[in-house]
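Undergrad: Input structure: target.pdb, which contains PDB, C-alpha atoms.
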ATOM      1  CA  MET A   1    -119.407   3.368 -72.484
ATOM      2  CA  GLN A   2    -121.171   4.984 -75.433
ATOM      3  CA  PRO A   3    -124.117   7.385 -75.053
ATOM      4  CA  ARG A   4    -127.456   5.721 -75.632
ATOM      5  CA  ALA A   5    -130.542   7.872 -75.936
ATOM      6  CA  PRO A   6    -133.626   6.867 -73.922
ATOM      7  CA  SER A   7    -136.545   5.578 -75.961
ATOM      8  CA  SER A   8    -139.353   7.890 -77.015
ATOM      9  CA  SER A   9    -141.614   6.251 -74.415
ATOM     10  CA  THR A  10    -139.304   7.160 -71.516
ATOM     11  CA  PRO A  11    -141.114   9.512 -69.087
ATOM     12  CA  CYS A  12    -140.057  13.152 -68.988
ATOM     13  CA  LEU A  13    -138.406  13.914 -65.658
ATOM     14  CA  LEU A  14    -137.682  17.642 -66.056
ATOM     15  CA  ASP A  15    -139.864  19.970 -68.126
ATOM     16  CA  VAL A  16    -138.737  23.607 -68.329
ATOM     17  CA  GLN A  17    -140.452  26.183 -70.527
ATOM     18  CA  GLY A  18    -139.562  29.868 -70.706
ATOM     19  CA  LEU A  19    -137.148  29.972 -67.768
ATOM     20  CA  ARG A  20    -136.033  33.534 -67.007
ATOM     21  CA  THR A  21    -133.546  34.498 -64.311
ATOM     22  CA  TRP A  22    -133.067  38.256 -64.186
ATOM     23  CA  PHE A  23    -130.957  40.285 -61.771
ATOM     24  CA  HIS A  24    -132.447  43.686 -60.977
ATOM     25  CA  THR A  25    -129.471  45.948 -60.280
ATOM     26  CA  ARG A  26    -128.918  49.701 -60.063
ATOM     27  CA  ALA A  27    -127.304  49.608 -63.509
ATOM     28  CA  GLY A  28    -130.320  47.860 -65.021
ATOM     29  CA  VAL A  29    -131.802  44.404 -65.500
ATOM     30  CA  VAL A  30    -129.237  41.668 -66.180
ATOM     31  CA  LYS A  31    -131.032  38.958 -68.168
ATOM     32  CA  ALA A  32    -128.667  36.101 -67.318
ATOM     33  CA  VAL A  33    -131.179  33.469 -68.442
ATOM     34  CA  ASP A  34    -133.775  34.693 -70.884
ATOM     35  CA  GLY A  35    -136.387  32.188 -72.012
ATOM     36  CA  VAL A  36    -134.641  28.810 -71.720
ATOM     37  CA  SER A  37    -136.745  25.742 -72.526
ATOM     38  CA  LEU A  38    -135.512  22.179 -72.158
ATOM     39  CA  GLN A  39    -136.722  18.699 -71.314
ATOM     40  CA  VAL A  40    -134.790  15.821 -69.776
ATOM     41  CA  LYS A  41    -136.034  12.232 -69.660
ATOM     42  CA  GLN A  42    -135.269   9.603 -67.060
ATOM     43  CA  GLY A  43    -131.802   8.160 -67.625
ATOM     44  CA  GLU A  44    -130.922  10.799 -70.215
ATOM     45  CA  ILE A  45    -127.700  12.812 -70.288
ATOM     46  CA  LEU A  46    -128.058  16.354 -71.596
ATOM     47  CA  GLY A  47    -124.971  18.405 -72.371
ATOM     48  CA  LEU A  48    -125.472  22.147 -71.814
ATOM     49  CA  VAL A  49    -122.701  23.798 -73.824
ATOM     50  CA  GLY A  50    -121.517  27.379 -74.305
ATOM     51  CA  GLU A  51    -118.859  29.989 -73.622
ATOM     52  CA  SER A  52    -118.263  31.544 -70.226
ATOM     53  CA  GLY A  53    -121.025  34.062 -69.558
ATOM     54  CA  SER A  54    -123.618  32.284 -71.679
ATOM     55  CA  GLY A  55    -125.856  31.537 -68.674
ATOM     56  CA  LYS A  56    -125.155  27.822 -68.253
ATOM     57  CA  THR A  57    -124.315  27.914 -64.545
ATOM     58  CA  ILE A  58    -127.170  30.295 -63.679
ATOM     59  CA  THR A  59    -129.532  27.886 -65.455
ATOM     60  CA  GLY A  60    -128.333  25.095 -63.164
ATOM     61  CA  PHE A  61    -128.586  27.293 -60.080
ATOM     62  CA  SER A  62    -132.104  28.325 -61.104
ATOM     63  CA  LEU A  63    -133.272  24.716 -61.374
ATOM     64  CA  MET A  64    -131.903  24.093 -57.872
ATOM     65  CA  ASN A  65    -133.429  27.368 -56.565
ATOM     66  CA  LEU A  66    -130.011  28.597 -55.456
ATOM     67  CA  VAL A  67    -130.192  32.106 -56.940
ATOM     68  CA  ASP A  68    -129.916  34.832 -54.309
ATOM     69  CA  LYS A  69    -131.341  38.341 -54.486
ATOM     70  CA  PRO A  70    -131.408  40.507 -56.543
ATOM     71  CA  GLY A  71    -131.988  37.527 -58.836
ATOM     72  CA  ARG A  72    -135.566  36.535 -59.647
ATOM     73  CA  ILE A  73    -136.579  33.227 -61.179
ATOM     74  CA  ARG A  74    -139.676  32.967 -63.366
ATOM     75  CA  ALA A  75    -140.831  30.285 -65.768
ATOM     76  CA  ASP A  76    -143.879  29.489 -67.879
ATOM     77  CA  ARG A  77    -143.488  25.885 -66.736
ATOM     78  CA  LEU A  78    -141.034  24.342 -64.273
ATOM     79  CA  PHE A  79    -141.918  20.742 -63.479
ATOM     80  CA  PHE A  80    -139.726  18.037 -61.968
ATOM     81  CA  ASP A  81    -141.009  14.481 -61.656
ATOM     82  CA  GLY A  82    -144.580  15.748 -61.966
ATOM     83  CA  ARG A  83    -144.177  18.465 -59.292
ATOM     84  CA  ASP A  84    -144.445  22.178 -59.971
ATOM     85  CA  LEU A  85    -141.205  23.544 -58.540
ATOM     86  CA  GLN A  86    -142.549  27.098 -58.519
ATOM     87  CA  THR A  87    -145.121  26.145 -55.872
ATOM     88  CA  LEU A  88    -142.640  24.537 -53.452
ATOM     89  CA  SER A  89    -141.820  26.168 -50.130
ATOM     90  CA  ALA A  90    -138.193  26.736 -49.122
ATOM     91  CA  LYS A  91    -138.464  23.723 -46.785
ATOM     92  CA  ASP A  92    -139.787  21.445 -49.540
ATOM     93  CA  TYR A  93    -137.021  22.573 -51.886
ATOM     94  CA  ARG A  94    -134.398  21.768 -49.233
ATOM     95  CA  ALA A  95    -135.848  18.272 -48.911
ATOM     96  CA  LEU A  96    -135.557  17.887 -52.671
ATOM     97  CA  ARG A  97    -131.958  19.108 -52.954
ATOM     98  CA  GLY A  98    -129.338  16.490 -52.200
ATOM     99  CA  ASN A  99    -131.962  13.771 -52.347
ATOM    100  CA  GLN A 100    -133.932  13.722 -55.618
ATOM    101  CA  MET A 101    -131.970  16.594 -57.183
ATOM    102  CA  ALA A 102    -128.249  17.089 -56.662
ATOM    103  CA  MET A 103    -125.683  19.527 -57.989
ATOM    104  CA  ILE A 104    -121.948  19.121 -58.446
ATOM    105  CA  PHE A 105    -120.318  22.545 -58.318
ATOM    106  CA  GLN A 106    -117.244  23.617 -60.247
ATOM    107  CA  ASP A 107    -115.615  24.731 -56.991
ATOM    108  CA  PRO A 108    -115.668  21.835 -54.488
ATOM    109  CA  MET A 109    -115.523  24.251 -51.552
ATOM    110  CA  MET A 110    -119.066  25.302 -52.438
ATOM    111  CA  THR A 111    -120.034  21.754 -51.382
ATOM    112  CA  LEU A 112    -117.574  21.021 -48.580
ATOM    113  CA  ASN A 113    -117.585  22.687 -45.161
ATOM    114  CA  PRO A 114    -113.948  23.459 -44.227
ATOM    115  CA  THR A 115    -114.685  23.080 -40.487
ATOM    116  CA  LEU A 116    -116.089  19.530 -40.661
ATOM    117  CA  ARG A 117    -114.367  16.231 -41.383
ATOM    118  CA  VAL A 118    -115.219  14.408 -44.586
ATOM    119  CA  ASP A 119    -116.988  11.554 -42.766
ATOM    120  CA  THR A 120    -119.244  13.977 -40.872
ATOM    121  CA  GLN A 121    -120.324  15.690 -44.089
ATOM    122  CA  MET A 122    -120.943  12.478 -46.030
ATOM    123  CA  ILE A 123    -122.780  10.670 -43.241
ATOM    124  CA  GLU A 124    -125.011  13.691 -42.582
ATOM    125  CA  THR A 125    -125.852  13.844 -46.306
ATOM    126  CA  VAL A 126    -127.210  10.310 -46.121
ATOM    127  CA  GLN A 127    -128.974  10.628 -42.765
ATOM    128  CA  ALA A 128    -130.621  13.938 -43.692
ATOM    129  CA  HIS A 129    -132.808  12.071 -46.176
ATOM    130  CA  GLU A 130    -132.894   8.460 -44.932
ATOM    131  CA  SER A 131    -133.371   6.753 -41.571
ATOM    132  CA  VAL A 132    -130.237   4.608 -41.616
ATOM    133  CA  SER A 133    -127.620   3.874 -38.984
ATOM    134  CA  ARG A 134    -124.375   5.806 -38.871
ATOM    135  CA  SER A 135    -122.400   2.658 -39.716
ATOM    136  CA  ALA A 136    -124.572   1.986 -42.791
ATOM    137  CA  ALA A 137    -124.195   5.590 -43.937
ATOM    138  CA  ARG A 138    -120.444   5.367 -43.404
ATOM    139  CA  ALA A 139    -120.203   2.146 -45.416
ATOM    140  CA  ARG A 140    -122.140   3.720 -48.287
ATOM    141  CA  SER A 141    -119.878   6.764 -48.183
ATOM    142  CA  ILE A 142    -116.706   4.675 -48.349
ATOM    143  CA  ASP A 143    -118.108   2.671 -51.260
ATOM    144  CA  MET A 144    -118.845   5.888 -53.157
ATOM    145  CA  LEU A 145    -115.332   7.212 -52.506
ATOM    146  CA  VAL A 146    -113.985   4.028 -54.084
ATOM    147  CA  LYS A 147    -116.126   4.608 -57.186
ATOM    148  CA  VAL A 148    -114.754   8.116 -57.713
ATOM    149  CA  GLY A 149    -111.161   6.955 -57.395
ATOM    150  CA  ILE A 150    -110.215   8.031 -53.855
ATOM    151  CA  PRO A 151    -107.228   5.968 -52.613
ATOM    152  CA  ALA A 152    -107.403   4.678 -49.018
ATOM    153  CA  PRO A 153    -111.028   5.894 -48.671
ATOM    154  CA  ALA A 154    -111.444   4.889 -45.016
ATOM    155  CA  GLU A 155    -108.463   7.043 -44.042
ATOM    156  CA  ARG A 156    -109.671   9.978 -46.148
ATOM    157  CA  MET A 157    -112.964   9.946 -44.250
ATOM    158  CA  SER A 158    -111.262  11.220 -41.100
ATOM    159  CA  VAL A 159    -109.538  14.293 -42.597
ATOM    160  CA  TYR A 160    -110.625  17.873 -43.176
ATOM    161  CA  PRO A 161    -111.045  19.297 -46.716
ATOM    162  CA  HIS A 162    -107.952  21.512 -46.413
ATOM    163  CA  HIS A 163    -105.814  18.396 -45.931
ATOM    164  CA  LEU A 164    -106.684  17.296 -49.489
ATOM    165  CA  SER A 165    -105.638  18.444 -52.932
ATOM    166  CA  GLY A 166    -108.088  20.339 -55.145
ATOM    167  CA  GLY A 167    -108.671  17.292 -57.334
ATOM    168  CA  MET A 168    -109.283  15.093 -54.288
ATOM    169  CA  ARG A 169    -111.794  17.595 -52.893
ATOM    170  CA  GLN A 170    -113.620  17.649 -56.206
ATOM    171  CA  ARG A 171    -113.899  13.858 -56.249
ATOM    172  CA  ILE A 172    -115.356  13.929 -52.739
ATOM    173  CA  ALA A 173    -117.855  16.599 -53.801
ATOM    174  CA  ILE A 174    -118.890  14.371 -56.705
ATOM    175  CA  ALA A 175    -119.247  11.405 -54.353
ATOM    176  CA  ILE A 176    -121.522  13.437 -52.055
ATOM    177  CA  ALA A 177    -123.772  14.325 -55.001
ATOM    178  CA  LEU A 178    -124.055  10.642 -55.940
ATOM    179  CA  LEU A 179    -124.652   9.342 -52.388
ATOM    180  CA  ASN A 180    -128.465   9.279 -52.436
ATOM    181  CA  SER A 181    -128.814   8.150 -56.077
ATOM    182  CA  PRO A 182    -130.776  11.272 -57.071
ATOM    183  CA  LYS A 183    -133.200  11.294 -59.982
ATOM    184  CA  LEU A 184    -131.436  14.328 -61.479
ATOM    185  CA  ILE A 185    -127.828  15.477 -61.192
ATOM    186  CA  ILE A 186    -126.732  18.904 -62.436
ATOM    187  CA  ALA A 187    -122.964  18.876 -62.950
ATOM    188  CA  ASP A 188    -121.289  22.265 -63.445
ATOM    189  CA  GLU A 189    -117.936  21.499 -65.115
ATOM    190  CA  PRO A 190    -117.077  19.051 -62.309
ATOM    191  CA  THR A 191    -113.987  17.482 -63.905
ATOM    192  CA  THR A 192    -112.119  20.683 -64.840
ATOM    193  CA  ALA A 193    -109.611  20.298 -61.977
ATOM    194  CA  LEU A 194    -109.066  16.546 -62.476
ATOM    195  CA  ASP A 195    -106.389  14.782 -64.489
ATOM    196  CA  VAL A 196    -107.401  12.877 -67.619
ATOM    197  CA  THR A 197    -107.319   9.423 -65.997
ATOM    198  CA  ILE A 198    -109.590  10.380 -63.101
ATOM    199  CA  GLN A 199    -111.784  12.394 -65.460
ATOM    200  CA  GLY A 200    -112.379   9.282 -67.561
ATOM    201  CA  GLN A 201    -113.206   7.277 -64.435
ATOM    202  CA  ILE A 202    -115.741   9.881 -63.267
ATOM    203  CA  LEU A 203    -117.380  10.027 -66.700
ATOM    204  CA  TYR A 204    -117.661   6.233 -66.751
ATOM    205  CA  GLU A 205    -119.226   6.141 -63.290
ATOM    206  CA  VAL A 206    -121.851   8.813 -64.000
ATOM    207  CA  GLN A 207    -122.794   7.142 -67.302
ATOM    208  CA  LYS A 208    -123.087   3.817 -65.513
ATOM    209  CA  LEU A 209    -125.264   5.396 -62.808
ATOM    210  CA  CYS A 210    -127.594   6.892 -65.409
ATOM    211  CA  ARG A 211    -127.957   3.619 -67.298
ATOM    212  CA  GLU A 212    -128.465   1.414 -64.250
ATOM    213  CA  THR A 213    -130.657   3.616 -62.041
ATOM    214  CA  GLY A 214    -132.437   5.903 -64.515
ATOM    215  CA  THR A 215    -130.776   8.991 -63.058
ATOM    216  CA  ALA A 216    -130.876  11.944 -65.447
ATOM    217  CA  LEU A 217    -127.843  14.198 -65.834
ATOM    218  CA  ILE A 218    -127.351  17.756 -67.054
ATOM    219  CA  TRP A 219    -123.643  18.206 -67.754
ATOM    220  CA  ILE A 220    -122.709  21.897 -67.961
ATOM    221  CA  THR A 221    -119.467  22.572 -69.825
ATOM    222  CA  HIS A 222    -117.591  24.669 -72.364
ATOM    223  CA  ASP A 223    -115.771  21.533 -73.574
ATOM    224  CA  LEU A 224    -117.781  20.344 -76.570
ATOM    225  CA  ALA A 225    -115.273  17.581 -77.327
ATOM    226  CA  LEU A 226    -115.630  16.035 -73.863
ATOM    227  CA  VAL A 227    -119.411  16.219 -73.641
ATOM    228  CA  SER A 228    -119.877  14.844 -77.175
ATOM    229  CA  GLY A 229    -118.657  11.479 -75.918
ATOM    230  CA  LEU A 230    -120.880  11.609 -72.834
ATOM    231  CA  ALA A 231    -124.258  13.151 -73.668
ATOM    232  CA  ASP A 232    -127.290  11.744 -75.463
ATOM    233  CA  ARG A 233    -128.388  15.252 -76.464
ATOM    234  CA  LEU A 234    -126.737  18.653 -76.606
ATOM    235  CA  ALA A 235    -128.224  22.075 -75.950
ATOM    236  CA  VAL A 236    -126.031  24.934 -77.161
ATOM    237  CA  MET A 237    -126.475  28.100 -75.113
ATOM    238  CA  TYR A 238    -125.565  31.675 -76.014
ATOM    239  CA  ALA A 239    -126.323  34.954 -74.238
ATOM    240  CA  GLY A 240    -128.889  33.400 -71.907
ATOM    241  CA  ARG A 241    -130.744  31.478 -74.616
ATOM    242  CA  ILE A 242    -130.597  28.027 -76.167
ATOM    243  CA  VAL A 243    -129.806  28.517 -79.851
ATOM    244  CA  GLU A 244    -129.642  24.875 -80.943
ATOM    245  CA  THR A 245    -130.544  21.507 -79.493
ATOM    246  CA  ALA A 246    -130.437  18.023 -81.001
ATOM    247  CA  PRO A 247    -129.204  14.478 -80.397
ATOM    248  CA  THR A 248    -125.432  14.579 -80.012
ATOM    249  CA  ALA A 249    -124.717  12.737 -83.265
ATOM    250  CA  ASP A 250    -126.882  15.190 -85.217
ATOM    251  CA  ILE A 251    -125.003  18.176 -83.771
ATOM    252  CA  VAL A 252    -121.606  16.624 -84.522
ATOM    253  CA  ARG A 253    -122.531  15.626 -88.086
ATOM    254  CA  GLY A 254    -124.814  18.481 -89.029
ATOM    255  CA  ALA A 255    -124.863  21.514 -86.754
ATOM    256  CA  GLN A 256    -127.172  24.197 -88.122
ATOM    257  CA  HIS A 257    -126.419  27.341 -86.101
ATOM    258  CA  ALA A 258    -123.373  29.503 -86.909
ATOM    259  CA  TYR A 259    -122.388  29.607 -83.222
ATOM    260  CA  THR A 260    -122.426  25.813 -82.992
ATOM    261  CA  HIS A 261    -120.290  25.693 -86.161
ATOM    262  CA  GLY A 262    -117.787  27.991 -84.474
ATOM    263  CA  LEU A 263    -117.591  25.816 -81.362
ATOM    264  CA  MET A 264    -117.118  22.685 -83.486
ATOM    265  CA  ALA A 265    -114.441  24.301 -85.660
ATOM    266  CA  SER A 266    -112.429  25.382 -82.603
ATOM    267  CA  ILE A 267    -111.871  21.756 -81.506
ATOM    268  CA  PRO A 268    -108.399  20.413 -82.443
ATOM    269  CA  THR A 269    -108.435  17.379 -84.760
ATOM    270  CA  PHE A 270    -105.871  15.405 -86.758
ATOM    271  CA  ASP A 271    -106.860  17.376 -89.843
ATOM    272  CA  THR A 272    -106.129  20.733 -88.169
ATOM    273  CA  ARG A 273    -102.637  19.778 -87.049
ATOM    274  CA  GLY A 274    -100.222  22.517 -88.098
ATOM    275  CA  HIS A 275    -103.042  24.929 -88.933
ATOM    276  CA  SER A 276    -104.646  27.729 -86.948
ATOM    277  CA  LEU A 277    -107.954  26.813 -85.352
ATOM    278  CA  PHE A 278    -111.065  28.799 -86.167
ATOM    279  CA  GLN A 279    -111.800  31.524 -83.650
ATOM    280  CA  ILE A 280    -115.191  33.145 -83.161
ATOM    281  CA  PRO A 281    -114.552  36.899 -83.383
ATOM    282  CA  GLY A 282    -115.486  39.269 -80.571
ATOM    283  CA  SER A 283    -116.964  38.274 -77.239
ATOM    284  CA  THR A 284    -120.332  37.521 -75.681
ATOM    285  CA  PRO A 285    -122.408  40.735 -75.423
ATOM    286  CA  SER A 286    -123.146  42.193 -72.017
ATOM    287  CA  PRO A 287    -126.518  41.034 -70.672
ATOM    288  CA  LEU A 288    -127.061  44.673 -69.675
ATOM    289  CA  ASN A 289    -126.735  45.793 -73.295
ATOM    290  CA  MET A 290    -128.001  42.940 -75.439
ATOM    291  CA  PRO A 291    -128.309  43.748 -79.172
ATOM    292  CA  GLU A 292    -131.741  43.692 -80.776
ATOM    293  CA  GLY A 293    -132.739  40.551 -82.630
ATOM    294  CA  CYS A 294    -130.326  37.636 -82.711
ATOM    295  CA  PRO A 295    -127.757  38.120 -79.902
ATOM    296  CA  PHE A 296    -125.046  36.417 -82.001
ATOM    297  CA  ARG A 297    -125.408  38.654 -85.040
ATOM    298  CA  THR A 298    -122.550  41.016 -84.069
ATOM    299  CA  ARG A 299    -120.120  38.052 -84.276
ATOM    300  CA  CYS A 300    -121.756  36.003 -87.040
ATOM    301  CA  TYR A 301    -120.299  35.556 -90.529
ATOM    302  CA  ARG A 302    -123.805  34.859 -91.863
ATOM    303  CA  ALA A 303    -125.463  37.972 -90.419
ATOM    304  CA  THR A 304    -127.767  40.064 -92.621
ATOM    305  CA  PRO A 305    -130.160  42.947 -91.851
ATOM    306  CA  GLN A 306    -132.846  40.324 -91.188
ATOM    307  CA  CYS A 307    -130.919  39.280 -88.072
ATOM    308  CA  ALA A 308    -131.959  42.531 -86.387
ATOM    309  CA  GLN A 309    -135.253  40.732 -85.800
ATOM    310  CA  ALA A 310    -135.398  37.978 -83.187
ATOM    311  CA  PRO A 311    -135.271  34.555 -84.902
ATOM    312  CA  VAL A 312    -137.912  31.936 -84.198
ATOM    313  CA  PHE A 313    -136.823  28.655 -82.596
ATOM    314  CA  GLU A 314    -137.919  26.050 -85.141
ATOM    315  CA  GLU A 315    -137.582  22.306 -85.539
ATOM    316  CA  VAL A 316    -135.574  21.570 -88.695
ATOM    317  CA  ALA A 317    -135.498  17.784 -88.191
ATOM    318  CA  PRO A 318    -136.928  15.343 -85.645
ATOM    319  CA  ALA A 319    -135.736  16.498 -82.176
ATOM    320  CA  HIS A 320    -133.448  19.101 -83.797
ATOM    321  CA  GLY A 321    -134.347  22.725 -83.044
ATOM    322  CA  VAL A 322    -132.505  25.876 -84.138
ATOM    323  CA  SER A 323    -132.944  29.603 -83.536
ATOM    324  CA  CYS A 324    -131.373  31.194 -86.640
ATOM    325  CA  TRP A 325    -132.541  32.985 -89.797
ATOM    326  CA  HIS A 326    -129.683  31.522 -91.861
ATOM    327  CA  ARG A 327    -129.321  28.027 -90.481
ATOM    328  CA  GLY A 328    -127.588  25.324 -92.450
ATOM    329  CA  ILE A 329    -124.649  22.978 -92.600
ATOM    330  CA  GLU A 330    -121.460  24.717 -93.653
ATOM    331  CA  GLU A 331    -117.715  24.214 -93.425
ATOM    332  CA  LEU A 332    -115.593  26.988 -91.877
TER     333      LEU A 332
END
Show me the file's structure as structure tokens.

TA:
Amino acid sequence: MQPRAPSSSTPCLLDVQGLRTWFHTRAGVVKAVDGVSLQVKQGEILGLVGESGSGKTITGFSLMNLVDKPGRIRADRLFFDGRDLQTLSAKDYRALRGNQMAMIFQDPMMTLNPTLRVDTQMIETVQAHESVSRSAARARSIDMLVKVGIPAPAERMSVYPHHLSGGMRQRIAIAIALLNSPKLIIADEPTTALDVTIQGQILYEVQKLCRETGTALIWITHDLALVSGLADRLAVMYAGRIVETAPTADIVRGAQHAYTHGLMASIPTFDTRGHSLFQIPGSTPSPLNMPEGCPFRTRCYRATPQCAQAPVFEEVAPAHGVSCWHRGIEEL
């Protein structure tokens, strides 16, 4: 199933402007997310891409209000389905999570309770948000286990998480997130522990869900090759900021930011067979000691003294924004 971008008239489901999640520690302020802005429409799949430590997961946790102290979440605008999330009480946010907003964690044991059987956890997920019978909730749960590729789903319902393999637990965690057909799913590298066949099945099912029900999806990953075949749009994240965003095809054909070029060039292709892949030098700077100006300048082959000043995020083409003084299409 190929990505298909929603039309321009599709309502905006998630509107985030200037999201900042800072951790106030004894060593200083860790700016894990520092001014992220993004919009997601109904039925749209957004790929949030970047290296480990770029702030992708904390962005997802912030949207779900799952950041513990000493973390503090602030935003200029944080609206979901017309509601201001910053005004919600803890009780209202709990009612939202798992129902209209769901998250698939990278570690399935962050979703599953090791002391409860699978059927108990899945049935409670349904009944916590809907007044349905236990048998109806059980039937829905079994049907969802079938969709995520669980063999003998009725038997798997009666076991505990520790009886299952890591890949099986992850599929169950994905099924739980899909149970109530949420309006938005935030998936944090959910297929990392799965084999290629099951991974393809999961990707097909989530794309099908988005197309048929209008569910929006934010797919968080470091795997640009995988998400390029899934997402309608990509947002490339570095050092707590989004440095480039555009429709997926525009990023693949004409990435403008040097960091995006580096990620693209590190993907194996037929043309690179027998040759060394490009490697971005250095590592992501510490959020406690972020360089002035462009955070990528210490690793960038295009860097000049001008990069000591913070670049402006500008639109270089329709729906294509870049934060770089020396943007452009270039082969590495």

Undergrad: Counting all atoms listed in the file, which residues have an atom no more than 9 Å from (-123.1, 27.8, -78.9) in the file's coordinates? Please list them as an MDAnalysis selection string.

TA: chainID A and resid 49:51 54 235:238 242:244 257:263

Undergrad: Using all atoms listed in the file, which residue out of A:Ala249, A:Ala255, A:Ile280, A:Leu230 lies closest to Tyr204 in chain A?

TA: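 Once distances to Tyr204 in chain A are computed over all atoms listed in the file, the minimum belongs to A:Leu230.
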
Undergrad: Looking at A:Asn113, A:Ser165, A:Gln42, A:Thr21, which one is nearest to Gly60 in chain A, with distances taken over all atoms listed in the file?

TA: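 Using all atoms listed in the file, the shortest distance to Gly60 in chain A belongs to A:Thr21.
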
Undergrad: Expand the PyMOL selection byres ((chain A and resi 300) around 12) into the individual residues it matches in the shown file, reporting them as a VMD selection string.

TA: chain A and resid 257 to 262 279 to 284 294 to 299 301 to 305 307 324 to 327 332

Undergrad: Under the PyMOL selection byres ((chain A and resi 104) around 12), which residues of this model are included? Write them out as number ranges by chain.

TA: A: 57, 60-61, 64, 97-98, 101-103, 105-112, 169-179, 182, 184-192, 206, 217-220

Undergrad: Kindly save the residues from that selection, with C-alpha atoms included, as a PDB file, in the frame of the given file.

TA:
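In the end it all went to out-v3.pdb:
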ATOM      1  CA  THR A  57    -124.315  27.914 -64.545  1.00  0.00           C
ATOM      2  CA  GLY A  60    -128.333  25.095 -63.164  1.00  0.00           C
ATOM      3  CA  PHE A  61    -128.586  27.293 -60.080  1.00  0.00           C
ATOM      4  CA  MET A  64    -131.903  24.093 -57.872  1.00  0.00           C
ATOM      5  CA  ARG A  97    -131.958  19.108 -52.954  1.00  0.00           C
ATOM      6  CA  GLY A  98    -129.338  16.490 -52.200  1.00  0.00           C
ATOM      7  CA  MET A 101    -131.970  16.594 -57.183  1.00  0.00           C
ATOM      8  CA  ALA A 102    -128.249  17.089 -56.662  1.00  0.00           C
ATOM      9  CA  MET A 103    -125.683  19.527 -57.989  1.00  0.00           C
ATOM     10  CA  PHE A 105    -120.318  22.545 -58.318  1.00  0.00           C
ATOM     11  CA  GLN A 106    -117.244  23.617 -60.247  1.00  0.00           C
ATOM     12  CA  ASP A 107    -115.615  24.731 -56.991  1.00  0.00           C
ATOM     13  CA  PRO A 108    -115.668  21.835 -54.488  1.00  0.00           C
ATOM     14  CA  MET A 109    -115.523  24.251 -51.552  1.00  0.00           C
ATOM     15  CA  MET A 110    -119.066  25.302 -52.438  1.00  0.00           C
ATOM     16  CA  THR A 111    -120.034  21.754 -51.382  1.00  0.00           C
ATOM     17  CA  LEU A 112    -117.574  21.021 -48.580  1.00  0.00           C
ATOM     18  CA  ARG A 169    -111.794  17.595 -52.893  1.00  0.00           C
ATOM     19  CA  GLN A 170    -113.620  17.649 -56.206  1.00  0.00           C
ATOM     20  CA  ARG A 171    -113.899  13.858 -56.249  1.00  0.00           C
ATOM     21  CA  ILE A 172    -115.356  13.929 -52.739  1.00  0.00           C
ATOM     22  CA  ALA A 173    -117.855  16.599 -53.801  1.00  0.00           C
ATOM     23  CA  ILE A 174    -118.890  14.371 -56.705  1.00  0.00           C
ATOM     24  CA  ALA A 175    -119.247  11.405 -54.353  1.00  0.00           C
ATOM     25  CA  ILE A 176    -121.522  13.437 -52.055  1.00  0.00           C
ATOM     26  CA  ALA A 177    -123.772  14.325 -55.001  1.00  0.00           C
ATOM     27  CA  LEU A 178    -124.055  10.642 -55.940  1.00  0.00           C
ATOM     28  CA  LEU A 179    -124.652   9.342 -52.388  1.00  0.00           C
ATOM     29  CA  PRO A 182    -130.776  11.272 -57.071  1.00  0.00           C
ATOM     30  CA  LEU A 184    -131.436  14.328 -61.479  1.00  0.00           C
ATOM     31  CA  ILE A 185    -127.828  15.477 -61.192  1.00  0.00           C
ATOM     32  CA  ILE A 186    -126.732  18.904 -62.436  1.00  0.00           C
ATOM     33  CA  ALA A 187    -122.964  18.876 -62.950  1.00  0.00           C
ATOM     34  CA  ASP A 188    -121.289  22.265 -63.445  1.00  0.00           C
ATOM     35  CA  GLU A 189    -117.936  21.499 -65.115  1.00  0.00           C
ATOM     36  CA  PRO A 190    -117.077  19.051 -62.309  1.00  0.00           C
ATOM     37  CA  THR A 191    -113.987  17.482 -63.905  1.00  0.00           C
ATOM     38  CA  THR A 192    -112.119  20.683 -64.840  1.00  0.00           C
ATOM     39  CA  VAL A 206    -121.851   8.813 -64.000  1.00  0.00           C
ATOM     40  CA  LEU A 217    -127.843  14.198 -65.834  1.00  0.00           C
ATOM     41  CA  ILE A 218    -127.351  17.756 -67.054  1.00  0.00           C
ATOM     42  CA  TRP A 219    -123.643  18.206 -67.754  1.00  0.00           C
ATOM     43  CA  ILE A 220    -122.709  21.897 -67.961  1.00  0.00           C
TER      44      ILE A 220
END

Undergrad: Name the residues in contact with Leu226 in chain A at a cut-off of 12 Å, using all atoms listed in the file, excluding same-chain residues fewer than 2 positions from it; report them as a PyMOL selection string.

TA: chain A and resi 47-49+189+191-192+196+199-200+203+219-224+228-231+234+248+264+267

Undergrad: Written as a short mmCIF file (atom, residue, chain, number, x, y, z; two decimals) with C-alpha atoms, in the frame of the given file, what is the full residue list that the PyMOL selection byres ((chain A and resi 287) around 6) yields on the file shown?

TA:
data_model
loop_
_atom_site.label_atom_id
_atom_site.label_comp_id
_atom_site.auth_asym_id
_atom_site.auth_seq_id
_atom_site.Cartn_x
_atom_site.Cartn_y
_atom_site.Cartn_z
CA VAL A 30 -129.24 41.67 -66.18
CA LYS A 31 -131.03 38.96 -68.17
CA SER A 286 -123.15 42.19 -72.02
CA LEU A 288 -127.06 44.67 -69.68
CA ASN A 289 -126.74 45.79 -73.30
CA MET A 290 -128.00 42.94 -75.44
#

Undergrad: So, counting all atoms listed in the file, which residue among A:Gln201, A:Thr115, A:Thr25, A:Thr245 is closest to Ala319 in chain A?

TA: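 For Ala319 in chain A, the nearest of the given residues is A:Thr245.
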
Undergrad: Per residue of range 173-231 of chain A within 10 Å of range 11-16 of chain A, record the nearest atom pair and its distance in Å to one decimal, counting all atoms listed in the file, with rows in chain order and ascending residue number, as a tab-separated table.

TA:
residue	atom	partner	partner_atom	distance
A:Lys183	CA	A:Leu13	CA	8.1
A:Leu184	CA	A:Leu13	CA	8.1
A:Thr215	CA	A:Leu13	CA	9.4
A:Ala216	CA	A:Leu13	CA	7.8
